[in-house]
Amino acid sequence: MATRSNILVCGGTGCLASESDKVIKNLELIIKARGYENEARVIRTGCFGFCEKGPIVKIEPDNVFYVMVGPKDAKDIVDEHIIKGRTVDRLLYREPKANEIINRQEDMPFYKKQLRVALRNCGLINPEDILEYIAFGGYEALGKALTSMTRDQVVDEVKRSGLRGRGGGGFPTGIKWEVTKKQDDNEKFIICNADEGDPGAFMDRSILEGDPHSVIEAMAIGGYAIGASKGIIYIRAEYPLAISRLNTALNQAREQGLLGKNIFGSDFSFDINIKYGAGAFVCGEETALINSCTGKRGEPNYKPPYPAEKGYWGHPTCVNNVETFANIPQIITRGADWFASIGTEKSKGTKVFALAGKVKNVGLVEVPMGITFREIIFDIGGGIQGGRKFKAVQTGGPSGGVITEQYLDTPIDYDSLISIGSMMGSGGMIVMDETDNMVKIAKFYLEFTMDESCGRCTPCRIGTKRMYEILDKITSGKGTMADIDALKQLAYMVKGSSLCGLGQTAPNPVISTLKHFWEEYMAFIKDVDNPRGEGRHIAKNKIKFATEK
Amino acid sequence: MTKPHEIDVYEPVEGELPKEKFDELEAFINSLESTDGALIEILHKAQNLFGYLPRDVQLFVARKLGIPGAEVFGVVSFYSYFTTEPRGKHTISVCMGTACFVRGSDKILEKLKEKLQVQVNEITEDGLFTLKDIRCVGACGLAPVIMIDDKVYGRVKEEELDGILDTYR
Ligand SMILES: Cc1cc2nc3c(=O)[nH]c(=O)nc-3n(C[C@H](O)[C@H](O)[C@H](O)COP(=O)(O)O)c2cc1C
Ligand code: FES
């Protein structure tokens, strides 16, 4: 039944925490009380991204965007907006710089520079209704792939699009599919990595909560391409809402015959199982994830063999990240050339970032590759909270490094971030201001990796612990120059000799803060100027390190 | 394909764990198509039922699946989501993800330790609360965040803690 107005209310975890479920309930009650059930409908959507100003309510087709809506505001929204057609000015977004009211989403600075591909349906559709997904072109890509494309053509399309893995590594997705497809085995698997371990990042969660079908559709397309009839979604147990929406979506897809036997009348059959994580960061690493899927301790294996050759129960397995998958349906329907026209030469398409920390507009943003940090933090993010000064931004979570003011104008892509000493990671972006102490931040990240080290290899198990102890000593004011030197040596040792990506990247926050915020380390050290102290031999070393670029 | 073992003896050592829960767990395991690779799933179910995974429950699962108890314990101890200690009536989880950390969640955690007189992963004397630290609940926009059971509290201030705790007392 078509209604005159649709009231879209964000039902993502962030907005739910600020009582958006009560907003929904009140809206429904009041609409009913006024007898407007046939005129207006309340739809619970996924995350709009603008979490800072949540709960978000958007009225369609009027295209009016309300922010920070409380349960009590439901009355005005119905009585004023829906019934009398007057916008409720006090709930509109006020742009802080010019202090002007903006009522259309696309005019807001937060959205202006964004381009939504992976998040295209988040905040637009009801994620618990497959028909809405289908109404917005959902499952068209799967239909197209199964009825008019060969498996090679699908792989080729993804290859030509230039899509690279969004889980952190940035490996070209088309090539991964091609390698898995080539393996000679009757049984293959496709796995969606929804472990999202980077603390402070919530891209994958928002996609699964807001648009679960996009991932399911993409997994089916991938399964067809590589020759897998079984898919697995490995998701953190800490994401109950995403899990429940995924289950709903899977059941609806089965009912509609979009999963199961002979999909779209083809000879392709496919279904998906969910496996739950149990709180171990290392399980985001693909070989550890596969071990965990088989019910074992989630310890990583040495690579090669890669999962594409020997993965789940020894069969060829393709592991891709949630956001990587969310791009696939669009690539198939709109074509590789369209996708490749977005972004930079070597990093195509868009990237979703979870912008958090000391920035004004915390939230989820999707931007074309090649945008600069300045644009994200100052234009989209609205600058630093409380008028304080920007100090640094960390990308890549505990595996990444800090990016300082001098690099704010670097166009963001996989390669540029590595060249400035950080990495893309999965999309966490934590902004720090002048009041943050970078040594403590490094210690925070190291505490995380130390806790999460699985213990399988010695450099990571013991190295991260020793590094943490040294940082603890330094931040409590007892450190010496010798400690700094030991820290530096350990950092390179752990980086060079650990078994998996966790250990190999764990020292990055320390290395990058030592490089960019040397003076903050020195501020903790008492014997810097004391050549008789323990650090006597080390001082030279320090000079060499501080000046090397 | 491995099928669950038939076992008819189960002797809870402490005798405190309800037999119905064991029956329910057994029924769940029997309902699985195959127990290959299902250990984590089974442990999730067991923790849901009992609230935690004491030795007896671990042994029960091990016997049922025909695997060594050490293997079960190896998995339980590996994953931080599994706990071998009973939990308080309510679980307070303080987010120590990066977004919350830079907005001061470490201070919230310290305050809670002080107020409840417990350390992380301990249970208060009255058995009402267990204090935990977790990494990111995905509500970073509301940092600092704490969660009590399934309810998320955002932009938490130290002064508000007493009020929040009181609603559970
Ligand atoms: C310690 C560690 C943690 C990781 N955590 C995640 C994660 O949470 N989510 C994810 O998608 N990939 C994670 N990865 C990357 C995966 O190993 C793998 O590269 C990725 O899932 C492949 O998918 P993609 O090619 O689509 O990015 C992690 C890697 C390492 C070394
Ligand atoms: S870091 Fe606390 S909710 Fe994400």
# chains A, B, ... in the order shown; residues from 1 in each chain; ligands from 1
call {"tool": "select_by_dssp", "arguments": {"residues": "segment 262-378 of chain A", "states": "strand (DSSP E or B)", "output": "ChimeraX atom specification"}}
result
/A:270-276,317-321,343,348,350-357,359,363-368,372
call {"tool": "residues_around", "arguments": {"residues": "Lys230 of chain A", "least_positions_apart": "5", "cutoff": "12 Å", "atoms": "only C-alpha atoms", "output": "mmCIF file with all heavy atoms, in the first residue's frame"}}
result
data_model
loop_
_atom_site.group_PDB
_atom_site.id
_atom_site.type_symbol
_atom_site.label_atom_id
_atom_site.label_comp_id
_atom_site.auth_asym_id
_atom_site.auth_seq_id
_atom_site.Cartn_x
_atom_site.Cartn_y
_atom_site.Cartn_z
ATOM 1 N N ASN A 186 35.883 -30.103 -6.355
ATOM 2 C CA ASN A 186 34.427 -30.036 -6.499
ATOM 3 C C ASN A 186 33.781 -29.191 -5.428
ATOM 4 O O ASN A 186 32.683 -28.696 -5.583
ATOM 5 C CB ASN A 186 33.816 -31.433 -6.419
ATOM 6 C CG ASN A 186 34.235 -32.250 -7.603
ATOM 7 O OD1 ASN A 186 34.505 -31.688 -8.669
ATOM 8 N ND2 ASN A 186 34.329 -33.554 -7.412
ATOM 9 N N GLU A 187 34.468 -29.093 -4.297
ATOM 10 C CA GLU A 187 33.892 -28.386 -3.169
ATOM 11 C C GLU A 187 34.698 -27.118 -2.912
ATOM 12 O O GLU A 187 35.904 -27.176 -2.675
ATOM 13 C CB GLU A 187 33.930 -29.298 -1.934
ATOM 14 C CG GLU A 187 33.328 -28.674 -0.717
ATOM 15 C CD GLU A 187 32.079 -29.406 -0.253
ATOM 16 O OE1 GLU A 187 32.199 -30.589 0.060
ATOM 17 O OE2 GLU A 187 31.014 -28.765 -0.215
ATOM 18 N N LYS A 188 34.030 -25.966 -2.997
ATOM 19 C CA LYS A 188 34.689 -24.704 -2.688
ATOM 20 C C LYS A 188 33.785 -23.893 -1.774
ATOM 21 O O LYS A 188 32.583 -24.138 -1.709
ATOM 22 C CB LYS A 188 34.963 -23.909 -3.964
ATOM 23 C CG LYS A 188 35.999 -24.552 -4.870
ATOM 24 C CD LYS A 188 36.203 -23.742 -6.127
ATOM 25 C CE LYS A 188 37.033 -24.560 -7.103
ATOM 26 N NZ LYS A 188 37.106 -23.912 -8.419
ATOM 27 N N PHE A 189 34.380 -22.913 -1.106
ATOM 28 C CA PHE A 189 33.598 -22.104 -0.176
ATOM 29 C C PHE A 189 33.851 -20.623 -0.394
ATOM 30 O O PHE A 189 34.937 -20.227 -0.820
ATOM 31 C CB PHE A 189 33.953 -22.461 1.270
ATOM 32 C CG PHE A 189 33.579 -23.857 1.649
ATOM 33 C CD1 PHE A 189 34.513 -24.889 1.562
ATOM 34 C CD2 PHE A 189 32.296 -24.153 2.091
ATOM 35 C CE1 PHE A 189 34.165 -26.187 1.903
ATOM 36 C CE2 PHE A 189 31.947 -25.446 2.437
ATOM 37 C CZ PHE A 189 32.879 -26.467 2.345
ATOM 38 N N ILE A 190 32.833 -19.841 -0.081
ATOM 39 C CA ILE A 190 33.027 -18.392 -0.077
ATOM 40 C C ILE A 190 32.647 -17.887 1.308
ATOM 41 O O ILE A 190 31.595 -18.245 1.852
ATOM 42 C CB ILE A 190 32.241 -17.707 -1.216
ATOM 43 C CG1 ILE A 190 32.630 -16.239 -1.299
ATOM 44 C CG2 ILE A 190 30.726 -17.867 -1.063
ATOM 45 C CD1 ILE A 190 32.366 -15.635 -2.674
ATOM 46 N N ILE A 191 33.538 -17.112 1.909
ATOM 47 C CA ILE A 191 33.321 -16.673 3.287
ATOM 48 C C ILE A 191 33.283 -15.150 3.348
ATOM 49 O O ILE A 191 34.100 -14.469 2.726
ATOM 50 C CB ILE A 191 34.430 -17.205 4.225
ATOM 51 C CG1 ILE A 191 34.381 -18.737 4.281
ATOM 52 C CG2 ILE A 191 34.289 -16.624 5.627
ATOM 53 C CD1 ILE A 191 35.354 -19.361 5.260
ATOM 54 N N CYS A 192 32.333 -14.637 4.104
ATOM 55 C CA CYS A 192 32.283 -13.199 4.343
ATOM 56 C C CYS A 192 32.868 -12.922 5.722
ATOM 57 O O CYS A 192 32.402 -13.441 6.735
ATOM 58 C CB CYS A 192 30.844 -12.710 4.280
ATOM 59 S SG CYS A 192 30.674 -11.005 4.780
ATOM 60 N N ILE A 216 24.456 -10.616 0.975
ATOM 61 C CA ILE A 216 23.981 -11.953 0.595
ATOM 62 C C ILE A 216 23.990 -12.101 -0.926
ATOM 63 O O ILE A 216 24.481 -13.092 -1.476
ATOM 64 C CB ILE A 216 22.553 -12.178 1.154
ATOM 65 C CG1 ILE A 216 22.611 -12.157 2.687
ATOM 66 C CG2 ILE A 216 21.966 -13.483 0.642
ATOM 67 C CD1 ILE A 216 21.250 -12.177 3.354
ATOM 68 N N MET A 219 27.515 -12.447 -2.176
ATOM 69 C CA MET A 219 28.119 -13.751 -1.893
ATOM 70 C C MET A 219 27.627 -14.794 -2.884
ATOM 71 O O MET A 219 28.380 -15.673 -3.320
ATOM 72 C CB MET A 219 27.812 -14.196 -0.463
ATOM 73 C CG MET A 219 28.600 -13.416 0.572
ATOM 74 S SD MET A 219 28.219 -13.947 2.241
ATOM 75 C CE MET A 219 29.039 -15.543 2.281
ATOM 76 N N ALA A 220 26.348 -14.691 -3.259
ATOM 77 C CA ALA A 220 25.816 -15.629 -4.247
ATOM 78 C C ALA A 220 26.503 -15.409 -5.595
ATOM 79 O O ALA A 220 26.874 -16.368 -6.284
ATOM 80 C CB ALA A 220 24.302 -15.453 -4.374
ATOM 81 N N ILE A 221 26.710 -14.143 -5.957
ATOM 82 C CA ILE A 221 27.405 -13.850 -7.216
ATOM 83 C C ILE A 221 28.827 -14.418 -7.167
ATOM 84 O O ILE A 221 29.294 -15.068 -8.103
ATOM 85 C CB ILE A 221 27.444 -12.327 -7.474
ATOM 86 C CG1 ILE A 221 26.023 -11.789 -7.675
ATOM 87 C CG2 ILE A 221 28.325 -11.996 -8.675
ATOM 88 C CD1 ILE A 221 25.922 -10.270 -7.710
ATOM 89 N N GLY A 222 29.488 -14.201 -6.034
ATOM 90 C CA GLY A 222 30.845 -14.718 -5.871
ATOM 91 C C GLY A 222 30.866 -16.239 -5.914
ATOM 92 O O GLY A 222 31.752 -16.846 -6.516
ATOM 93 N N GLY A 223 29.867 -16.847 -5.254
ATOM 94 C CA GLY A 223 29.788 -18.304 -5.249
ATOM 95 C C GLY A 223 29.656 -18.846 -6.663
ATOM 96 O O GLY A 223 30.335 -19.806 -7.049
ATOM 97 N N TYR A 224 28.798 -18.185 -7.438
ATOM 98 C CA TYR A 224 28.632 -18.589 -8.841
ATOM 99 C C TYR A 224 29.964 -18.459 -9.589
ATOM 100 O O TYR A 224 30.399 -19.382 -10.282
ATOM 101 C CB TYR A 224 27.559 -17.705 -9.468
ATOM 102 C CG TYR A 224 27.433 -17.826 -10.967
ATOM 103 C CD1 TYR A 224 26.950 -19.001 -11.556
ATOM 104 C CD2 TYR A 224 27.795 -16.763 -11.793
ATOM 105 C CE1 TYR A 224 26.836 -19.103 -12.936
ATOM 106 C CE2 TYR A 224 27.679 -16.862 -13.172
ATOM 107 C CZ TYR A 224 27.197 -18.038 -13.745
ATOM 108 O OH TYR A 224 27.093 -18.137 -15.104
ATOM 109 N N LEU A 259 17.997 -17.824 -2.598
ATOM 110 C CA LEU A 259 19.007 -18.747 -2.092
ATOM 111 C C LEU A 259 18.356 -20.112 -2.180
ATOM 112 O O LEU A 259 17.140 -20.222 -2.087
ATOM 113 C CB LEU A 259 19.361 -18.447 -0.631
ATOM 114 C CG LEU A 259 20.205 -17.221 -0.310
ATOM 115 C CD1 LEU A 259 20.387 -17.107 1.200
ATOM 116 C CD2 LEU A 259 21.566 -17.275 -0.989
ATOM 117 N N GLY A 260 19.170 -21.120 -2.339
ATOM 118 C CA GLY A 260 18.602 -22.463 -2.412
ATOM 119 C C GLY A 260 18.945 -23.118 -3.738
ATOM 120 O O GLY A 260 19.975 -22.816 -4.326
ATOM 121 N N LYS A 261 18.044 -23.984 -4.184
ATOM 122 C CA LYS A 261 18.344 -24.764 -5.395
ATOM 123 C C LYS A 261 17.948 -23.998 -6.651
ATOM 124 O O LYS A 261 16.941 -23.299 -6.683
ATOM 125 C CB LYS A 261 17.570 -26.085 -5.346
ATOM 126 C CG LYS A 261 18.074 -27.044 -4.270
ATOM 127 C CD LYS A 261 18.122 -28.467 -4.792
ATOM 128 C CE LYS A 261 19.068 -29.366 -4.018
ATOM 129 N NZ LYS A 261 19.362 -29.034 -2.645
ATOM 130 N N PHE A 268 22.564 -23.246 -10.862
ATOM 131 C CA PHE A 268 23.385 -22.831 -9.719
ATOM 132 C C PHE A 268 22.572 -22.882 -8.420
ATOM 133 O O PHE A 268 21.491 -22.313 -8.323
ATOM 134 C CB PHE A 268 23.907 -21.409 -9.955
ATOM 135 C CG PHE A 268 24.646 -20.824 -8.785
ATOM 136 C CD1 PHE A 268 25.847 -21.367 -8.346
ATOM 137 C CD2 PHE A 268 24.145 -19.705 -8.125
ATOM 138 C CE1 PHE A 268 26.530 -20.816 -7.262
ATOM 139 C CE2 PHE A 268 24.826 -19.146 -7.045
ATOM 140 C CZ PHE A 268 26.019 -19.703 -6.621
ATOM 141 N N SER A 269 23.110 -23.612 -7.439
ATOM 142 C CA SER A 269 22.471 -23.682 -6.119
ATOM 143 C C SER A 269 23.423 -23.123 -5.084
ATOM 144 O O SER A 269 24.634 -23.356 -5.157
ATOM 145 C CB SER A 269 22.130 -25.123 -5.771
ATOM 146 O OG SER A 269 21.296 -25.663 -6.775
ATOM 147 N N PHE A 270 22.870 -22.420 -4.131
ATOM 148 C CA PHE A 270 23.744 -21.745 -3.173
ATOM 149 C C PHE A 270 22.996 -21.468 -1.883
ATOM 150 O O PHE A 270 21.827 -21.089 -1.900
ATOM 151 C CB PHE A 270 24.213 -20.410 -3.784
ATOM 152 C CG PHE A 270 25.253 -19.685 -2.965
ATOM 153 C CD1 PHE A 270 26.570 -20.129 -2.935
ATOM 154 C CD2 PHE A 270 24.914 -18.549 -2.240
ATOM 155 C CE1 PHE A 270 27.534 -19.455 -2.184
ATOM 156 C CE2 PHE A 270 25.876 -17.869 -1.484
ATOM 157 C CZ PHE A 270 27.182 -18.324 -1.471
ATOM 158 N N ASP A 271 23.674 -21.672 -0.753
ATOM 159 C CA ASP A 271 23.090 -21.246 0.523
ATOM 160 C C ASP A 271 24.189 -20.774 1.465
ATOM 161 O O ASP A 271 25.360 -21.041 1.245
ATOM 162 C CB ASP A 271 22.257 -22.353 1.173
ATOM 163 C CG ASP A 271 21.126 -21.743 2.017
ATOM 164 O OD1 ASP A 271 21.286 -20.587 2.484
ATOM 165 O OD2 ASP A 271 20.091 -22.402 2.204
ATOM 166 N N ILE A 272 23.746 -20.050 2.492
ATOM 167 C CA ILE A 272 24.701 -19.405 3.396
ATOM 168 C C ILE A 272 24.414 -19.797 4.836
ATOM 169 O O ILE A 272 23.257 -19.837 5.265
ATOM 170 C CB ILE A 272 24.611 -17.866 3.260
ATOM 171 C CG1 ILE A 272 25.010 -17.419 1.851
ATOM 172 C CG2 ILE A 272 25.496 -17.179 4.301
ATOM 173 C CD1 ILE A 272 24.813 -15.934 1.604
ATOM 174 N N ASN A 273 25.468 -20.065 5.582
ATOM 175 C CA ASN A 273 25.389 -20.344 7.013
ATOM 176 C C ASN A 273 26.036 -19.219 7.787
ATOM 177 O O ASN A 273 26.973 -18.609 7.292
ATOM 178 C CB ASN A 273 26.224 -21.585 7.333
ATOM 179 C CG ASN A 273 25.362 -22.801 7.385
ATOM 180 O OD1 ASN A 273 24.198 -22.711 7.730
ATOM 181 N ND2 ASN A 273 25.946 -23.942 7.035
ATOM 182 N N ILE A 274 25.581 -19.023 9.009
ATOM 183 C CA ILE A 274 26.255 -18.033 9.846
ATOM 184 C C ILE A 274 27.099 -18.752 10.890
ATOM 185 O O ILE A 274 26.661 -19.740 11.481
ATOM 186 C CB ILE A 274 25.231 -17.128 10.554
ATOM 187 C CG1 ILE A 274 24.407 -16.373 9.517
ATOM 188 C CG2 ILE A 274 25.929 -16.143 11.464
ATOM 189 C CD1 ILE A 274 23.477 -15.349 10.114
ATOM 190 N N TYR A 312 38.864 -23.724 4.098
ATOM 191 C CA TYR A 312 37.905 -24.370 4.987
ATOM 192 C C TYR A 312 37.871 -25.878 4.737
ATOM 193 O O TYR A 312 37.627 -26.318 3.626
ATOM 194 C CB TYR A 312 36.539 -23.730 4.725
ATOM 195 C CG TYR A 312 35.445 -24.110 5.687
ATOM 196 C CD1 TYR A 312 35.589 -23.943 7.053
ATOM 197 C CD2 TYR A 312 34.248 -24.610 5.201
ATOM 198 C CE1 TYR A 312 34.563 -24.278 7.921
ATOM 199 C CE2 TYR A 312 33.207 -24.939 6.074
ATOM 200 C CZ TYR A 312 33.382 -24.777 7.431
ATOM 201 O OH TYR A 312 32.361 -25.107 8.286
ATOM 202 N N HIS A 315 39.532 -27.140 1.590
ATOM 203 C CA HIS A 315 39.058 -26.837 0.238
ATOM 204 C C HIS A 315 39.337 -25.380 -0.134
ATOM 205 O O HIS A 315 39.450 -24.531 0.745
ATOM 206 C CB HIS A 315 37.552 -27.095 0.146
ATOM 207 C CG HIS A 315 37.173 -28.525 0.368
ATOM 208 N ND1 HIS A 315 37.492 -29.512 -0.523
ATOM 209 C CD2 HIS A 315 36.526 -29.122 1.393
ATOM 210 C CE1 HIS A 315 37.041 -30.678 -0.056
ATOM 211 N NE2 HIS A 315 36.462 -30.471 1.108
ATOM 212 N N PRO A 316 39.406 -25.107 -1.435
ATOM 213 C CA PRO A 316 39.647 -23.722 -1.869
ATOM 214 C C PRO A 316 38.564 -22.797 -1.313
ATOM 215 O O PRO A 316 37.372 -23.099 -1.413
ATOM 216 C CB PRO A 316 39.538 -23.803 -3.394
ATOM 217 C CG PRO A 316 39.819 -25.226 -3.728
ATOM 218 C CD PRO A 316 39.313 -26.033 -2.576
ATOM 219 N N THR A 317 38.989 -21.692 -0.720
ATOM 220 C CA THR A 317 38.060 -20.821 -0.021
ATOM 221 C C THR A 317 38.396 -19.368 -0.312
ATOM 222 O O THR A 317 39.545 -18.965 -0.217
ATOM 223 C CB THR A 317 38.162 -21.057 1.505
ATOM 224 O OG1 THR A 317 37.931 -22.443 1.762
ATOM 225 C CG2 THR A 317 37.162 -20.228 2.269
ATOM 226 N N CYS A 318 37.370 -18.629 -0.668
ATOM 227 C CA CYS A 318 37.582 -17.217 -0.936
ATOM 228 C C CYS A 318 37.041 -16.409 0.235
ATOM 229 O O CYS A 318 35.866 -16.511 0.569
ATOM 230 C CB CYS A 318 36.850 -16.862 -2.230
ATOM 231 S SG CYS A 318 36.886 -15.134 -2.602
#
call {"tool": "residues_near_ligand", "arguments": {"ligand": "ligand 2", "cutoff": "12 Å", "atoms": "only C-alpha atoms and all ligand atoms", "output": "ChimeraX atom specification"}}
result
/A:13-14,17,51,196-203,205,238-239,354-357,362-364,397,428-430 /B:93-106,133-147,152-156
call {"tool": "residues_near_ligand", "arguments": {"ligand": "ligand 1", "cutoff": "8 Å", "atoms": "only C-alpha atoms and all ligand atoms", "output": "VMD selection string"}}
result
chain A and resid 164 to 173 176 192 to 198 281 to 287 319 to 325 399 426 500 to 503 505
call {"tool": "atom_distance", "arguments": {"atom1": "atom CA of Leu128 of chain B", "atom2": "atom CA of Leu109 of chain B"}}
result
17.2 Å
call {"tool": "residues_around", "arguments": {"residues": "Ile148 of chain B", "least_positions_apart": "2", "cutoff": "6 Å", "atoms": "only C-alpha atoms", "output": "ChimeraX atom specification"}}
result
/B:91-92,150-151
call {"tool": "write_last_selection", "arguments": {"atoms": "all heavy atoms", "output": "CSV table (one decimal), in the first residue's frame"}}
result
chain,number,residue,atom,x,y,z
B,91,THR,N,25.5,-7.4,33.7
B,91,THR,CA,26.9,-7.2,33.2
B,91,THR,C,27.1,-5.8,32.8
B,91,THR,O,26.4,-5.3,31.9
B,91,THR,CB,27.2,-8.2,32.1
B,91,THR,OG1,26.9,-9.5,32.5
B,91,THR,CG2,28.6,-8.1,31.7
B,92,ILE,N,28.0,-5.1,33.4
B,92,ILE,CA,28.4,-3.8,32.9
B,92,ILE,C,29.6,-3.9,32.0
B,92,ILE,O,30.6,-4.3,32.4
B,92,ILE,CB,28.7,-2.9,34.1
B,92,ILE,CG1,27.6,-2.9,35.2
B,92,ILE,CG2,29.0,-1.4,33.6
B,92,ILE,CD1,27.9,-2.0,36.4
B,150,ASP,N,22.0,-5.5,27.7
B,150,ASP,CA,21.9,-5.1,26.2
B,150,ASP,C,21.6,-3.7,26.0
B,150,ASP,O,21.5,-3.2,24.9
B,150,ASP,CB,20.8,-6.0,25.5
B,150,ASP,CG,21.3,-7.4,25.3
B,150,ASP,OD1,22.5,-7.5,25.2
B,150,ASP,OD2,20.5,-8.3,25.1
B,151,LYS,N,21.5,-2.9,27.1
B,151,LYS,CA,21.2,-1.5,26.9
B,151,LYS,C,22.4,-0.6,26.8
B,151,LYS,O,23.4,-0.8,27.6
B,151,LYS,CB,20.3,-1.0,28.1
B,151,LYS,CG,19.9,0.4,28.0
B,151,LYS,CD,18.6,0.8,28.7
B,151,LYS,CE,18.3,2.3,28.6
B,151,LYS,NZ,18.4,2.9,27.3
call {"tool": "atom_distance", "arguments": {"atom1": "atom CA of Gly265 of chain A", "atom2": "atom CA of Ala145 of chain A"}}
result
12.3 Å
call {"tool": "closest_residue", "arguments": {"among": "A:Leu241, A:Ile384, A:Ala280, A:Ile420", "to": "chain B", "atoms": "only C-alpha atoms"}}
result
A:Ala280
call {"tool": "residues_around", "arguments": {"residues": "Gly127 of chain B", "least_positions_apart": "2", "cutoff": "7 Å", "atoms": "only C-alpha atoms", "output": "number ranges by chain"}}
result
B: 88-89, 123-125, 129
call {"tool": "atom_distance", "arguments": {"atom1": "atom CA of Arg236 of chain A", "atom2": "atom CA of Gly279 of chain A"}}
result
6.8 Å
call {"tool": "select_by_dssp", "arguments": {"residues": "segment 239-306 of chain A", "states": "alpha helix (DSSP H)", "output": "MDAnalysis selection string"}}
result
chainID A and resid 240:255 286:293
call {"tool": "write_last_selection", "arguments": {"atoms": "N, CA and C atoms", "output": "short mmCIF file (atom, residue, chain, number, x, y, z; two decimals), in the first residue's frame"}}
result
data_model
loop_
_atom_site.label_atom_id
_atom_site.label_comp_id
_atom_site.auth_asym_id
_atom_site.auth_seq_id
_atom_site.Cartn_x
_atom_site.Cartn_y
_atom_site.Cartn_z
N PRO A 240 24.63 -8.30 18.11
CA PRO A 240 23.35 -9.02 18.10
C PRO A 240 22.35 -8.50 17.06
N LEU A 241 22.31 -7.17 16.87
CA LEU A 241 21.32 -6.62 15.94
C LEU A 241 21.65 -7.02 14.51
N ALA A 242 22.93 -6.94 14.17
CA ALA A 242 23.34 -7.33 12.82
C ALA A 242 23.04 -8.80 12.58
N ILE A 243 23.26 -9.63 13.60
CA ILE A 243 23.00 -11.06 13.47
C ILE A 243 21.52 -11.31 13.23
N SER A 244 20.68 -10.61 14.00
CA SER A 244 19.26 -10.87 13.84
C SER A 244 18.77 -10.40 12.47
N ARG A 245 19.28 -9.26 11.99
CA ARG A 245 18.83 -8.79 10.67
C ARG A 245 19.34 -9.71 9.56
N LEU A 246 20.55 -10.25 9.75
CA LEU A 246 21.08 -11.18 8.76
C LEU A 246 20.22 -12.43 8.68
N ASN A 247 19.85 -12.93 9.86
CA ASN A 247 19.02 -14.14 9.86
C ASN A 247 17.68 -13.90 9.18
N THR A 248 17.08 -12.75 9.48
CA THR A 248 15.82 -12.41 8.82
C THR A 248 16.03 -12.36 7.31
N ALA A 249 17.09 -11.69 6.90
CA ALA A 249 17.35 -11.52 5.47
C ALA A 249 17.58 -12.88 4.79
N LEU A 250 18.34 -13.75 5.46
CA LEU A 250 18.61 -15.06 4.86
C LEU A 250 17.32 -15.84 4.68
N ASN A 251 16.46 -15.80 5.70
CA ASN A 251 15.20 -16.53 5.59
C ASN A 251 14.33 -15.98 4.46
N GLN A 252 14.28 -14.65 4.36
CA GLN A 252 13.47 -14.06 3.29
C GLN A 252 14.02 -14.41 1.92
N ALA A 253 15.34 -14.41 1.81
CA ALA A 253 15.95 -14.75 0.52
C ALA A 253 15.63 -16.19 0.14
N ARG A 254 15.62 -17.07 1.15
CA ARG A 254 15.28 -18.47 0.86
C ARG A 254 13.83 -18.59 0.41
N GLU A 255 12.94 -17.86 1.13
CA GLU A 255 11.52 -17.90 0.76
C GLU A 255 11.30 -17.44 -0.67
N GLU A 286 42.45 -14.08 7.96
CA GLU A 286 41.66 -15.08 7.25
C GLU A 286 41.96 -16.53 7.62
N THR A 287 43.22 -16.87 7.85
CA THR A 287 43.49 -18.28 8.18
C THR A 287 43.00 -18.61 9.60
N ALA A 288 43.13 -17.63 10.50
CA ALA A 288 42.62 -17.83 11.86
C ALA A 288 41.09 -17.95 11.82
N LEU A 289 40.49 -17.13 10.98
CA LEU A 289 39.03 -17.15 10.83
C LEU A 289 38.56 -18.53 10.36
N ILE A 290 39.29 -19.09 9.41
CA ILE A 290 38.90 -20.40 8.90
C ILE A 290 39.05 -21.46 9.99
N ASN A 291 40.11 -21.37 10.78
CA ASN A 291 40.26 -22.31 11.90
C ASN A 291 39.11 -22.16 12.88
N SER A 292 38.73 -20.92 13.13
CA SER A 292 37.64 -20.69 14.07
C SER A 292 36.32 -21.23 13.52
N CYS A 293 36.13 -21.13 12.21
CA CYS A 293 34.91 -21.67 11.59
C CYS A 293 34.79 -23.16 11.79
#
call {"tool": "closest_residue", "arguments": {"among": "A:Ile328, A:Ile207, A:Met432, A:Leu119", "to": "chain B", "atoms": "only C-alpha atoms"}}
result
A:Met432
